[in-house]
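Source file: coords_14.cif; contents: mmCIF, C-alpha atoms.
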```cif
data_target
loop_
_atom_site.label_atom_id
_atom_site.label_comp_id
_atom_site.auth_asym_id
_atom_site.auth_seq_id
_atom_site.Cartn_x
_atom_site.Cartn_y
_atom_site.Cartn_z
CA MET A 1 0.00 0.00 0.00
CA SER A 2 1.49 3.31 -1.03
CA ILE A 3 1.39 6.41 1.16
CA SER A 4 1.43 10.08 0.23
CA ASP A 5 4.47 12.29 0.70
CA TYR A 6 2.70 14.10 3.52
CA GLU A 7 1.84 10.87 5.33
CA ARG A 8 5.44 9.73 4.96
CA ALA A 9 6.80 13.05 6.32
CA ASP A 10 4.48 12.75 9.31
CA ARG A 11 5.71 9.22 10.05
CA ILE A 12 9.38 10.22 10.23
CA GLN A 13 9.02 13.12 12.70
CA PHE A 14 10.44 12.78 16.22
CA ASP A 15 8.09 12.97 19.21
CA PRO A 16 10.16 14.30 22.16
CA GLU A 17 7.79 13.11 24.87
CA GLY A 18 9.43 10.87 27.48
CA TYR A 19 13.02 11.03 26.25
CA ASP A 20 16.15 11.80 28.28
CA LEU A 21 18.05 15.10 27.92
CA GLY A 22 20.89 13.43 26.02
CA THR A 23 18.46 12.22 23.38
CA LEU A 24 16.59 15.54 23.22
CA ALA A 25 19.89 17.37 22.57
CA VAL A 26 20.32 15.25 19.44
CA ARG A 27 16.77 14.90 18.11
CA ALA A 28 14.31 17.45 19.57
CA GLY A 29 13.09 20.23 17.30
CA GLN A 30 13.78 18.52 14.00
CA HIS A 31 10.96 18.67 11.45
CA ARG A 32 11.92 16.76 8.34
CA SER A 33 10.74 18.08 5.02
CA LEU A 34 9.20 16.01 2.25
CA GLU A 35 12.77 15.24 1.15
CA GLY A 36 13.25 13.09 4.27
CA GLU A 37 16.65 14.55 5.19
CA HIS A 38 18.43 12.98 8.18
CA SER A 39 20.41 16.07 9.20
CA ASP A 40 18.83 19.41 10.11
CA PRO A 41 18.30 21.56 6.99
CA ILE A 42 19.25 25.22 6.62
CA TYR A 43 16.77 27.69 5.17
CA PRO A 44 18.97 30.61 4.04
CA THR A 45 16.22 32.84 2.73
CA SER A 46 15.13 36.33 3.69
CA SER A 47 11.47 35.85 2.77
CA PHE A 48 8.90 33.22 1.89
CA VAL A 49 6.50 32.91 -1.03
CA PHE A 50 2.71 32.73 -0.60
CA SER A 51 0.28 30.81 -2.74
CA SER A 52 -2.10 33.77 -2.97
CA ALA A 53 -2.76 37.31 -1.77
CA ARG A 54 -5.30 35.86 0.65
CA GLU A 55 -2.67 33.58 2.22
CA ALA A 56 -0.19 36.47 2.50
CA ALA A 57 -2.79 38.61 4.25
CA ALA A 58 -3.71 35.77 6.61
CA ARG A 59 -0.06 35.15 7.54
CA PHE A 60 0.72 38.84 8.14
CA GLY A 61 -2.50 39.29 10.07
CA GLY A 62 -1.79 36.37 12.39
CA GLU A 63 -4.87 34.45 11.25
CA GLU A 64 -2.77 31.65 9.78
CA GLU A 65 0.49 30.16 11.00
CA GLY A 66 3.45 29.95 8.66
CA ASN A 67 6.64 31.59 7.49
CA ILE A 68 6.66 35.26 6.53
CA TYR A 69 10.08 36.85 6.85
CA SER A 70 13.29 35.49 8.39
CA ARG A 71 13.60 38.32 10.90
CA PHE A 72 10.96 36.52 12.94
CA THR A 73 9.94 33.29 11.15
CA ASN A 74 12.64 30.98 9.86
CA PRO A 75 12.38 27.19 10.11
CA THR A 76 16.03 26.59 11.05
CA VAL A 77 15.85 29.15 13.84
CA GLN A 78 12.60 27.62 15.04
CA PHE A 79 14.21 24.15 15.11
CA PHE A 80 16.90 25.53 17.43
CA GLU A 81 14.30 27.26 19.61
CA GLU A 82 12.31 24.06 19.99
CA ARG A 83 15.37 22.02 20.89
CA ILE A 84 16.65 24.37 23.59
CA ALA A 85 13.13 24.78 25.02
CA ALA A 86 12.90 20.99 25.28
CA LEU A 87 16.27 20.81 27.04
CA GLU A 88 15.39 23.53 29.56
CA GLY A 89 11.84 22.30 30.10
CA GLY A 90 10.33 25.61 28.95
CA GLU A 91 7.13 26.23 27.03
CA ARG A 92 8.88 28.35 24.40
CA ALA A 93 12.26 29.76 23.42
CA VAL A 94 13.09 32.86 21.39
CA ALA A 95 16.47 33.03 19.62
CA THR A 96 18.43 36.29 19.42
CA SER A 97 21.52 37.64 17.69
CA SER A 98 23.70 37.36 20.83
CA GLY A 99 23.55 36.64 24.53
CA MET A 100 23.51 40.36 25.29
CA ALA A 101 20.65 40.79 22.80
CA ALA A 102 18.78 38.12 24.77
CA ILE A 103 19.13 40.14 27.98
CA LEU A 104 18.25 43.43 26.27
CA SER A 105 15.22 41.94 24.49
CA THR A 106 13.91 40.40 27.71
CA CYS A 107 14.21 43.66 29.63
CA LEU A 108 12.72 45.91 26.95
CA ALA A 109 9.92 43.45 26.21
CA LEU A 110 8.86 43.03 29.84
CA MET A 111 9.61 46.43 31.42
CA LYS A 112 8.78 50.08 30.88
CA VAL A 113 9.85 53.55 32.10
CA GLY A 114 9.99 53.63 35.89
CA ASP A 115 10.44 49.88 36.37
CA HIS A 116 13.23 48.47 38.52
CA VAL A 117 15.63 45.52 38.33
CA VAL A 118 17.45 43.86 41.22
CA CYS A 119 20.62 42.32 39.79
CA SER A 120 23.42 40.24 41.25
CA ARG A 121 26.61 42.28 41.48
CA SER A 122 28.46 39.21 40.18
CA VAL A 123 27.45 39.14 36.54
CA PHE A 124 29.23 39.53 33.22
CA GLY A 125 30.77 42.98 32.79
CA SER A 126 28.68 43.81 29.71
CA THR A 127 25.53 42.96 31.67
CA VAL A 128 26.51 45.54 34.29
CA SER A 129 27.14 48.12 31.56
CA LEU A 130 23.81 47.33 29.89
CA PHE A 131 21.87 47.92 33.10
CA GLU A 132 23.86 50.89 34.38
CA LYS A 133 24.59 52.82 31.20
CA TYR A 134 21.94 51.98 28.63
CA LEU A 135 18.77 50.67 30.28
CA SER A 136 19.03 53.58 32.71
CA ARG A 137 18.47 55.92 29.73
CA THR A 138 15.04 54.35 29.23
CA GLY A 139 14.05 55.10 32.81
CA ILE A 140 14.66 51.55 34.04
CA THR A 141 16.72 51.54 37.26
CA THR A 142 18.91 48.81 38.74
CA THR A 143 20.06 47.89 42.23
CA PHE A 144 23.04 45.53 42.51
CA VAL A 145 23.17 43.10 45.45
CA ASP A 146 25.35 40.40 46.95
CA PRO A 147 24.24 37.24 45.08
CA THR A 148 24.72 35.05 48.15
CA ASP A 149 22.76 37.19 50.66
CA LEU A 150 19.03 36.42 50.51
CA GLN A 151 18.18 39.32 52.82
CA CYS A 152 19.83 41.72 50.36
CA TRP A 153 17.69 40.39 47.54
CA GLU A 154 14.47 40.92 49.46
CA ALA A 155 15.46 44.29 50.90
CA ALA A 156 16.23 45.67 47.44
CA ILE A 157 12.75 44.93 46.05
CA THR A 158 10.48 47.96 45.66
CA ALA A 159 6.95 48.51 44.38
CA ASP A 160 8.48 49.15 40.94
CA THR A 161 10.60 45.98 40.78
CA LYS A 162 9.72 43.75 37.87
CA ILE A 163 12.76 41.47 37.47
CA LEU A 164 15.36 39.80 39.67
CA PHE A 165 18.38 38.94 37.51
CA LEU A 166 21.25 36.62 38.35
CA GLU A 167 23.81 34.29 36.82
CA THR A 168 24.91 31.23 38.72
CA PRO A 169 27.72 30.25 38.79
CA SER A 170 28.89 33.81 38.27
CA ASN A 171 31.46 35.08 35.79
CA PRO A 172 34.32 34.88 36.71
CA LEU A 173 34.35 34.05 40.45
CA ALA A 174 32.00 31.05 40.48
CA GLU A 175 29.74 32.59 43.12
CA LEU A 176 26.45 30.73 43.43
CA THR A 177 22.96 31.97 44.15
CA ASP A 178 20.33 29.71 45.68
CA ILE A 179 17.86 29.69 42.77
CA SER A 180 14.95 28.14 44.69
CA ALA A 181 15.31 30.59 47.57
CA VAL A 182 15.48 33.67 45.34
CA ALA A 183 12.57 32.34 43.27
CA GLU A 184 10.49 32.14 46.44
CA ILE A 185 11.36 35.76 47.25
CA ALA A 186 10.55 36.87 43.71
CA HIS A 187 7.17 35.20 43.60
CA LYS A 188 6.20 36.47 47.04
CA HIS A 189 6.54 39.97 45.58
CA ASP A 190 5.00 39.06 42.18
CA VAL A 191 8.36 39.57 40.43
CA LEU A 192 9.97 37.54 37.64
CA LEU A 193 13.23 35.68 38.27
CA VAL A 194 15.57 35.65 35.26
CA VAL A 195 18.60 33.33 35.41
CA ASP A 196 21.61 33.41 33.10
CA ASN A 197 22.35 29.68 32.76
CA CYS A 198 25.27 30.10 30.37
CA PHE A 199 27.96 28.46 32.51
CA CYS A 200 26.02 25.32 33.41
CA THR A 201 23.74 24.79 30.39
CA PRO A 202 20.64 22.60 30.85
CA VAL A 203 22.94 19.58 31.13
CA LEU A 204 24.15 20.67 34.57
CA GLN A 205 21.36 22.95 35.82
CA GLN A 206 17.69 23.56 34.97
CA PRO A 207 16.57 26.76 36.71
CA LEU A 208 12.93 26.55 35.57
CA LYS A 209 12.55 23.37 37.64
CA GLN A 210 13.97 25.30 40.62
CA GLY A 211 11.43 28.11 40.36
CA ALA A 212 12.98 30.53 37.87
CA ASP A 213 10.65 32.12 35.31
CA ILE A 214 13.04 32.89 32.45
CA ILE A 215 16.40 31.51 31.36
CA ILE A 216 19.00 33.40 29.34
CA HIS A 217 21.80 31.82 27.30
CA SER A 218 24.68 33.12 25.29
CA ALA A 219 24.54 30.37 22.67
CA THR A 220 28.01 31.58 21.64
CA LYS A 221 29.45 29.65 24.59
CA TYR A 222 28.74 26.02 25.44
CA LEU A 223 25.65 25.59 23.26
CA ASP A 224 27.89 26.01 20.22
CA GLY A 225 30.95 24.69 22.00
CA GLN A 226 33.48 25.40 19.28
CA GLY A 227 33.62 29.19 19.12
CA ARG A 228 32.07 29.44 15.66
CA CYS A 229 29.03 31.72 15.91
CA VAL A 230 27.46 34.43 18.07
CA GLY A 231 23.89 34.03 19.29
CA GLY A 232 21.57 34.01 22.28
CA VAL A 233 18.27 32.55 23.42
CA VAL A 234 15.54 33.26 25.98
CA VAL A 235 13.44 30.42 27.44
CA GLY A 236 10.29 30.62 29.53
CA ALA A 237 6.51 30.52 29.60
CA GLN A 238 4.46 31.31 26.52
CA LYS A 239 3.09 34.55 28.03
CA GLU A 240 6.49 36.21 28.53
CA MET A 241 8.06 34.68 25.44
CA GLU A 242 5.34 36.09 23.21
CA GLU A 243 6.36 39.56 24.41
CA VAL A 244 10.04 38.83 23.78
CA PHE A 245 9.17 37.48 20.33
CA GLY A 246 7.22 40.66 19.63
CA PHE A 247 10.27 42.75 20.48
CA ILE A 248 12.51 40.63 18.23
CA ARG A 249 9.99 40.88 15.38
CA THR A 250 10.02 44.67 15.60
CA GLY A 251 13.50 45.38 16.95
CA GLY A 252 15.31 42.95 14.68
CA ALA A 253 17.81 41.39 17.11
CA CYS A 254 17.26 38.04 15.41
CA MET A 255 19.41 34.97 14.88
CA SER A 256 20.53 34.05 11.37
CA PRO A 257 19.54 30.66 9.89
CA PHE A 258 23.17 29.63 9.46
CA ASN A 259 24.03 30.40 13.09
CA ALA A 260 20.94 28.50 14.26
CA TRP A 261 22.07 25.50 12.23
CA VAL A 262 25.55 25.65 13.79
CA PHE A 263 23.99 25.76 17.27
CA LEU A 264 21.82 22.76 16.42
CA LYS A 265 24.97 20.84 15.53
CA GLY A 266 26.58 22.03 18.78
CA LEU A 267 23.68 20.82 20.88
CA GLU A 268 24.09 17.30 19.51
CA THR A 269 27.35 16.92 21.47
CA LEU A 270 26.47 19.17 24.44
CA LYS A 271 26.10 16.45 27.05
CA ILE A 272 29.31 14.59 26.28
CA ARG A 273 31.24 17.89 26.01
CA MET A 274 29.96 19.14 29.38
CA ASP A 275 30.98 15.86 31.01
CA ALA A 276 34.51 16.30 29.60
CA HIS A 277 34.71 19.99 30.57
CA CYS A 278 33.65 19.21 34.15
CA ARG A 279 36.12 16.37 34.49
CA ASN A 280 39.10 18.40 33.26
CA ALA A 281 38.15 21.57 35.16
CA LEU A 282 37.84 19.76 38.49
CA GLU A 283 41.27 18.17 38.08
CA ILE A 284 42.89 21.48 37.09
CA ALA A 285 41.23 23.32 39.99
CA ASN A 286 42.44 20.75 42.53
CA TRP A 287 45.93 20.83 41.00
CA LEU A 288 46.18 24.64 40.96
CA GLU A 289 45.19 24.81 44.64
CA GLN A 290 48.39 22.95 45.48
CA GLN A 291 50.77 25.11 43.42
CA GLU A 292 53.18 27.76 44.67
CA GLY A 293 52.35 31.21 43.37
CA ILE A 294 48.58 30.64 43.51
CA GLU A 295 46.75 32.58 46.22
CA ARG A 296 43.24 31.25 45.68
CA VAL A 297 41.20 29.16 43.24
CA PHE A 298 37.52 29.89 42.57
CA TYR A 299 35.62 26.78 41.50
CA SER A 300 32.46 25.39 43.10
CA GLY A 301 33.65 21.83 42.63
CA LEU A 302 36.35 22.36 45.27
CA THR A 303 35.51 21.37 48.83
CA SER A 304 37.18 24.65 49.86
CA HIS A 305 34.54 26.65 47.97
CA PRO A 306 32.16 28.22 50.51
CA GLN A 307 29.12 27.17 48.46
CA HIS A 308 30.27 23.70 47.51
CA GLU A 309 27.23 22.06 49.13
CA LEU A 310 24.83 24.39 47.32
CA ALA A 311 26.56 23.56 44.04
CA LYS A 312 26.07 19.86 44.70
CA ALA A 313 22.40 20.47 45.53
CA GLN A 314 21.32 22.55 42.53
CA GLN A 315 23.79 21.40 39.84
CA SER A 316 24.59 17.95 38.49
CA GLY A 317 28.17 19.06 37.73
CA PHE A 318 30.47 21.99 38.43
CA GLY A 319 31.13 23.31 34.93
CA GLY A 320 34.24 24.08 32.93
CA VAL A 321 35.13 27.61 34.07
CA LEU A 322 37.39 28.46 37.00
CA SER A 323 39.37 31.50 38.12
CA PHE A 324 42.44 31.90 40.26
CA GLU A 325 44.48 34.67 41.83
CA VAL A 326 48.26 34.71 41.46
CA LYS A 327 50.78 36.36 43.75
CA GLY A 328 52.12 39.62 42.37
CA GLY A 329 49.21 41.67 40.98
CA GLN A 330 48.45 42.48 37.34
CA ASP A 331 52.06 42.21 36.19
CA ALA A 332 52.28 38.64 37.49
CA ALA A 333 48.91 37.74 35.98
CA TRP A 334 50.00 39.00 32.58
CA ARG A 335 53.32 37.11 32.83
CA PHE A 336 51.43 33.91 33.62
CA ILE A 337 49.10 34.35 30.65
CA ASP A 338 51.89 35.30 28.22
CA ALA A 339 53.99 32.30 29.22
CA THR A 340 51.38 29.80 28.06
CA THR A 341 51.82 28.39 24.56
CA MET A 342 48.85 26.08 23.93
CA VAL A 343 45.82 27.71 25.54
CA SER A 344 44.16 30.53 23.64
CA ILE A 345 44.33 34.09 25.00
CA THR A 346 40.77 35.17 24.24
CA GLY A 347 37.70 36.52 26.00
CA ASN A 348 35.43 33.72 24.80
CA LEU A 349 34.62 30.70 26.95
CA GLY A 350 32.76 27.42 26.62
CA ASP A 351 34.99 26.25 23.80
CA VAL A 352 36.45 22.77 23.38
CA LYS A 353 39.77 24.63 23.33
CA THR A 354 41.02 25.91 26.69
CA THR A 355 40.95 29.72 26.86
CA ILE A 356 42.56 32.14 29.28
CA THR A 357 41.95 35.83 29.98
CA HIS A 358 42.57 38.65 32.45
CA PRO A 359 39.04 39.73 33.46
CA SER A 360 39.80 43.14 34.96
CA THR A 361 41.29 44.42 31.70
CA THR A 362 39.12 42.48 29.21
CA THR A 363 35.68 41.06 29.94
CA HIS A 364 35.10 43.37 32.93
CA GLY A 365 37.34 46.21 31.77
CA ARG A 366 34.49 48.66 31.14
CA MET A 367 33.32 48.43 34.74
CA SER A 368 34.51 51.14 37.12
CA GLU A 369 37.34 50.20 39.45
CA GLU A 370 34.91 50.60 42.35
CA ASP A 371 32.44 48.14 40.81
CA ARG A 372 35.20 45.63 40.02
CA VAL A 373 36.49 45.72 43.59
CA ALA A 374 32.94 45.33 44.93
CA ALA A 375 32.51 42.29 42.67
CA GLY A 376 35.83 40.82 43.84
CA ILE A 377 37.53 41.09 40.46
CA HIS A 378 41.09 42.01 41.34
CA GLN A 379 44.10 42.73 39.14
CA ASN A 380 45.71 39.40 39.96
CA LEU A 381 42.71 37.34 38.83
CA ILE A 382 42.92 35.01 35.82
CA ARG A 383 39.94 33.18 34.28
CA LEU A 384 40.42 29.77 32.69
CA SER A 385 37.76 28.09 30.57
CA VAL A 386 38.99 24.51 30.61
CA GLY A 387 38.64 22.68 27.31
CA ILE A 388 38.63 19.02 26.44
CA GLU A 389 42.28 18.66 25.42
CA ASP A 390 44.46 16.05 27.11
CA ILE A 391 44.62 16.94 30.80
CA GLY A 392 48.40 16.46 30.88
CA ASP A 393 48.87 19.01 28.12
CA ILE A 394 46.69 21.56 29.93
CA LYS A 395 48.70 21.09 33.12
CA ALA A 396 51.95 21.45 31.20
CA ASP A 397 50.81 24.81 29.84
CA MET A 398 49.71 25.96 33.31
CA THR A 399 53.16 24.93 34.55
CA ARG A 400 54.72 27.33 32.03
CA GLY A 401 52.57 30.08 33.46
CA LEU A 402 53.55 29.20 37.02
CA ALA A 403 57.23 29.27 36.07
CA ALA A 404 56.82 32.86 34.87
CA LEU A 405 55.77 33.93 38.36
#
```

Would you mind writing the structure in this file as structure tokens?
Amino acid sequence: MSISDYERADRIQFDPEGYDLGTLAVRAGQHRSLEGEHSDPIYPTSSFVFSSAREAAARFGGEEEGNIYSRFTNPTVQFFEERIAALEGGERAVATSSGMAAILSTCLALMKVGDHVVCSRSVFGSTVSLFEKYLSRTGITTTFVDPTDLQCWEAAITADTKILFLETPSNPLAELTDISAVAEIAHKHDVLLVVDNCFCTPVLQQPLKQGADIIIHSATKYLDGQGRCVGGVVVGAQKEMEEVFGFIRTGGACMSPFNAWVFLKGLETLKIRMDAHCRNALEIANWLEQQEGIERVFYSGLTSHPQHELAKAQQSGFGGVLSFEVKGGQDAAWRFIDATTMVSITGNLGDVKTTITHPSTTTHGRMSEEDRVAAGIHQNLIRLSVGIEDIGDIKADMTRGLAAL
């Protein structure tokens, strides 16, 4: 008995219900065309053709679902959105042009003049600049708090507060925030909790299950995993995501089809990469703690970390990023970095290649000295995003850095 092309296409679609995260990372969000392709297709087109003027009007008017224009409807981008939503356990995801665009789009979509944000003081330097310098121009104000002090979170909330924003673990000091506890505070005051989950990814941490309302990712980092493309994504409930989508549709901070395809390929290996990153990072962190010339190592997988028990409770692994302070200030930190020969001196992280940077003069360089000190980012601090190279080779390169001290 023969079947139609449409019946055949329906038979070869993947139903994500009931599958483990590792399987979802490989198969969720794929909608095969009538061609029956096994790999995810790319749709590199700016617009889409309609069968009639009536269909065009129905699409533009929202009466009929379907593709219109790639700024806000592109199948490849939608495949990526579906896959990451499945991994995070969210109702919907909205892809953006970068991680910072994801934060900006969320804030502008869900807040207005006079609204207020309570933000962890331990966030990415560009996030601080976005809140302090640019969102402030729209009449949105921000209060920065100690991410570990629950009383500070609650005390900072006002009648105008709409969002609590945090990243955990933080960049670059691996400070943790108790997601469930802050979520309870947020919801008591009818406020949204937004969590930057970039460092852990859904493989190691799922904030929505711990009470968060919205998750932010820089897809540029671990979701890609190989430093190829820039992108971001917002995940949450349909109500809030429809607003974020509306901002993207109008504001244009959209993801390109090619980048979405690259991120889809990255997600296929996310789980096995995160396992390798965690394994190497924990060994390097333990090893660095024992070395002369190292004052302190910041990594939640260490038993010496003050929030080690919290990390074990809300994460399934400790991630691939660690920081450490060397003896001798900025000059010593730069000597250490310059003495390495294998690791890459770059501000990016989450790559299969190990990367190293000096946060106070790069990723957090636009922050004021006062803000950096308050956040604990000192001149002798070095951030290491541990890759999946042979652990002996990574140690050998760190030994070169130590020798330069």

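Remark: for Ala253 of chain A, the closest of the candidate residues A:Phe165, A:Phe324, A:Phe298, A:Phe72 is A:Phe72 (distances computed over only C-alpha atoms).
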
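Here the PyMOL selection byres ((chain A and resi 362-376) around 8) captures the residues Arg121, Ser122, Phe124, Gly125, Ser126, Val128, Ser129, Leu173, Gly347, Thr357, His358, Pro359, Ser360, Thr361, Ile377 and His378 of chain A.
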
Quiz item: Contacts of Glu184 of chain A at 10 Å or less, counting only C-alpha atoms, minus same-chain residues fewer than 5 places along, as a ChimeraX atom specification?
Solution: /A:179,189-191,193,210-212

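Closest approach to Glu88 of chain A among A:Ala313, A:Cys278, A:Leu223, A:Leu208 is made by A:Leu208 (distances from only C-alpha atoms).
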
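Within 12 Å of Glu242 of chain A, once all atoms listed in the file are used and residues closer than 6 positions along the same chain are dropped, the contacting residues are Phe72, Glu91, Arg92, Ala93, Val94, Ser105, Thr106, Ala109, Leu110, Val234, Val235, Gly236, Ile248 and Arg249 of chain A.
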
Could you give me, as a Markdown table, a per-residue list for segment 43-137 of chain A showing, wherever an atom lies at most 12 Å from an atom of segment 150-157 of chain A, the closest pair of atoms and their distance in Å to one decimal, using all atoms listed in the file and sorting by chain then residue number from low to high?
```
| residue | atom | partner | partner_atom | distance |
| --- | --- | --- | --- | --- |
| A:Asp115 | CA | A:Ile157 | CA | 11.1 |
| A:His116 | CA | A:Ile157 | CA | 8.3 |
| A:Val117 | CA | A:Ile157 | CA | 8.3 |
| A:Val118 | CA | A:Ala156 | CA | 6.6 |
| A:Cys119 | CA | A:Trp153 | CA | 8.5 |
| A:Ser120 | CA | A:Trp153 | CA | 8.5 |
| A:Arg121 | CA | A:Trp153 | CA | 10.9 |
```

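Evaluating the PyMOL selection byres ((chain A and resi 335) around 10) against the shown model yields Gly328, Gln330, Asp331, Ala332, Ala333, Trp334, Phe336, Ile337, Asp338, Ala339, Thr340, Arg400, Gly401, Leu402, Ala403, Ala404 and Leu405 of chain A.
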
Requested write-out: C-alpha atoms of the selected residues, as a PDB file, keeping the file's coordinate frame:
```pdb
ATOM      1  CA  GLY A 328      52.120  39.620  42.370  1.00  0.00           C
ATOM      2  CA  GLN A 330      48.450  42.480  37.340  1.00  0.00           C
ATOM      3  CA  ASP A 331      52.060  42.210  36.190  1.00  0.00           C
ATOM      4  CA  ALA A 332      52.280  38.640  37.490  1.00  0.00           C
ATOM      5  CA  ALA A 333      48.910  37.740  35.980  1.00  0.00           C
ATOM      6  CA  TRP A 334      50.000  39.000  32.580  1.00  0.00           C
ATOM      7  CA  PHE A 336      51.430  33.910  33.620  1.00  0.00           C
ATOM      8  CA  ILE A 337      49.100  34.350  30.650  1.00  0.00           C
ATOM      9  CA  ASP A 338      51.890  35.300  28.220  1.00  0.00           C
ATOM     10  CA  ALA A 339      53.990  32.300  29.220  1.00  0.00           C
ATOM     11  CA  THR A 340      51.380  29.800  28.060  1.00  0.00           C
ATOM     12  CA  ARG A 400      54.720  27.330  32.030  1.00  0.00           C
ATOM     13  CA  GLY A 401      52.570  30.080  33.460  1.00  0.00           C
ATOM     14  CA  LEU A 402      53.550  29.200  37.020  1.00  0.00           C
ATOM     15  CA  ALA A 403      57.230  29.270  36.070  1.00  0.00           C
ATOM     16  CA  ALA A 404      56.820  32.860  34.870  1.00  0.00           C
ATOM     17  CA  LEU A 405      55.770  33.930  38.360  1.00  0.00           C
TER      18      LEU A 405
END
```

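Evaluated against this file, the PyMOL selection byres ((chain A and resi 95) around 8) yields Val77, Phe80, Glu81, Ala93, Val94, Thr96, Ser97, Ala102, Gly231, Gly232, Val233, Val234, Cys254 and Met255 of chain A.
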
With a cut-off of 6 Å, could you pull out the residues of segment 290-399 of chain A touching segment 264-277 of chain A and give me the nearest pair of atoms for each, distance in Å to one decimal, using all atoms listed in the file, ordered by chain and ascending number, as CSV?
```
residue,atom,partner,partner_atom,distance
A:Gly320,CA,A:His277,CA,4.7
A:Gly387,CA,A:His277,CA,5.8
A:Ile388,CA,A:His277,CA,5.8
```

Quiz prompt | Using all atoms listed in the file: which of A:Phe263, A:Ser46, A:Val343, A:Lys353 has the shortest distance to Asp397 of chain A | solution = A:Val343

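In terms of minimum interatomic distance to Phe245 of chain A, A:Arg71 ranks closest within A:Lys312, A:Arg71, A:Thr161, A:Ile215, counting all atoms listed in the file.
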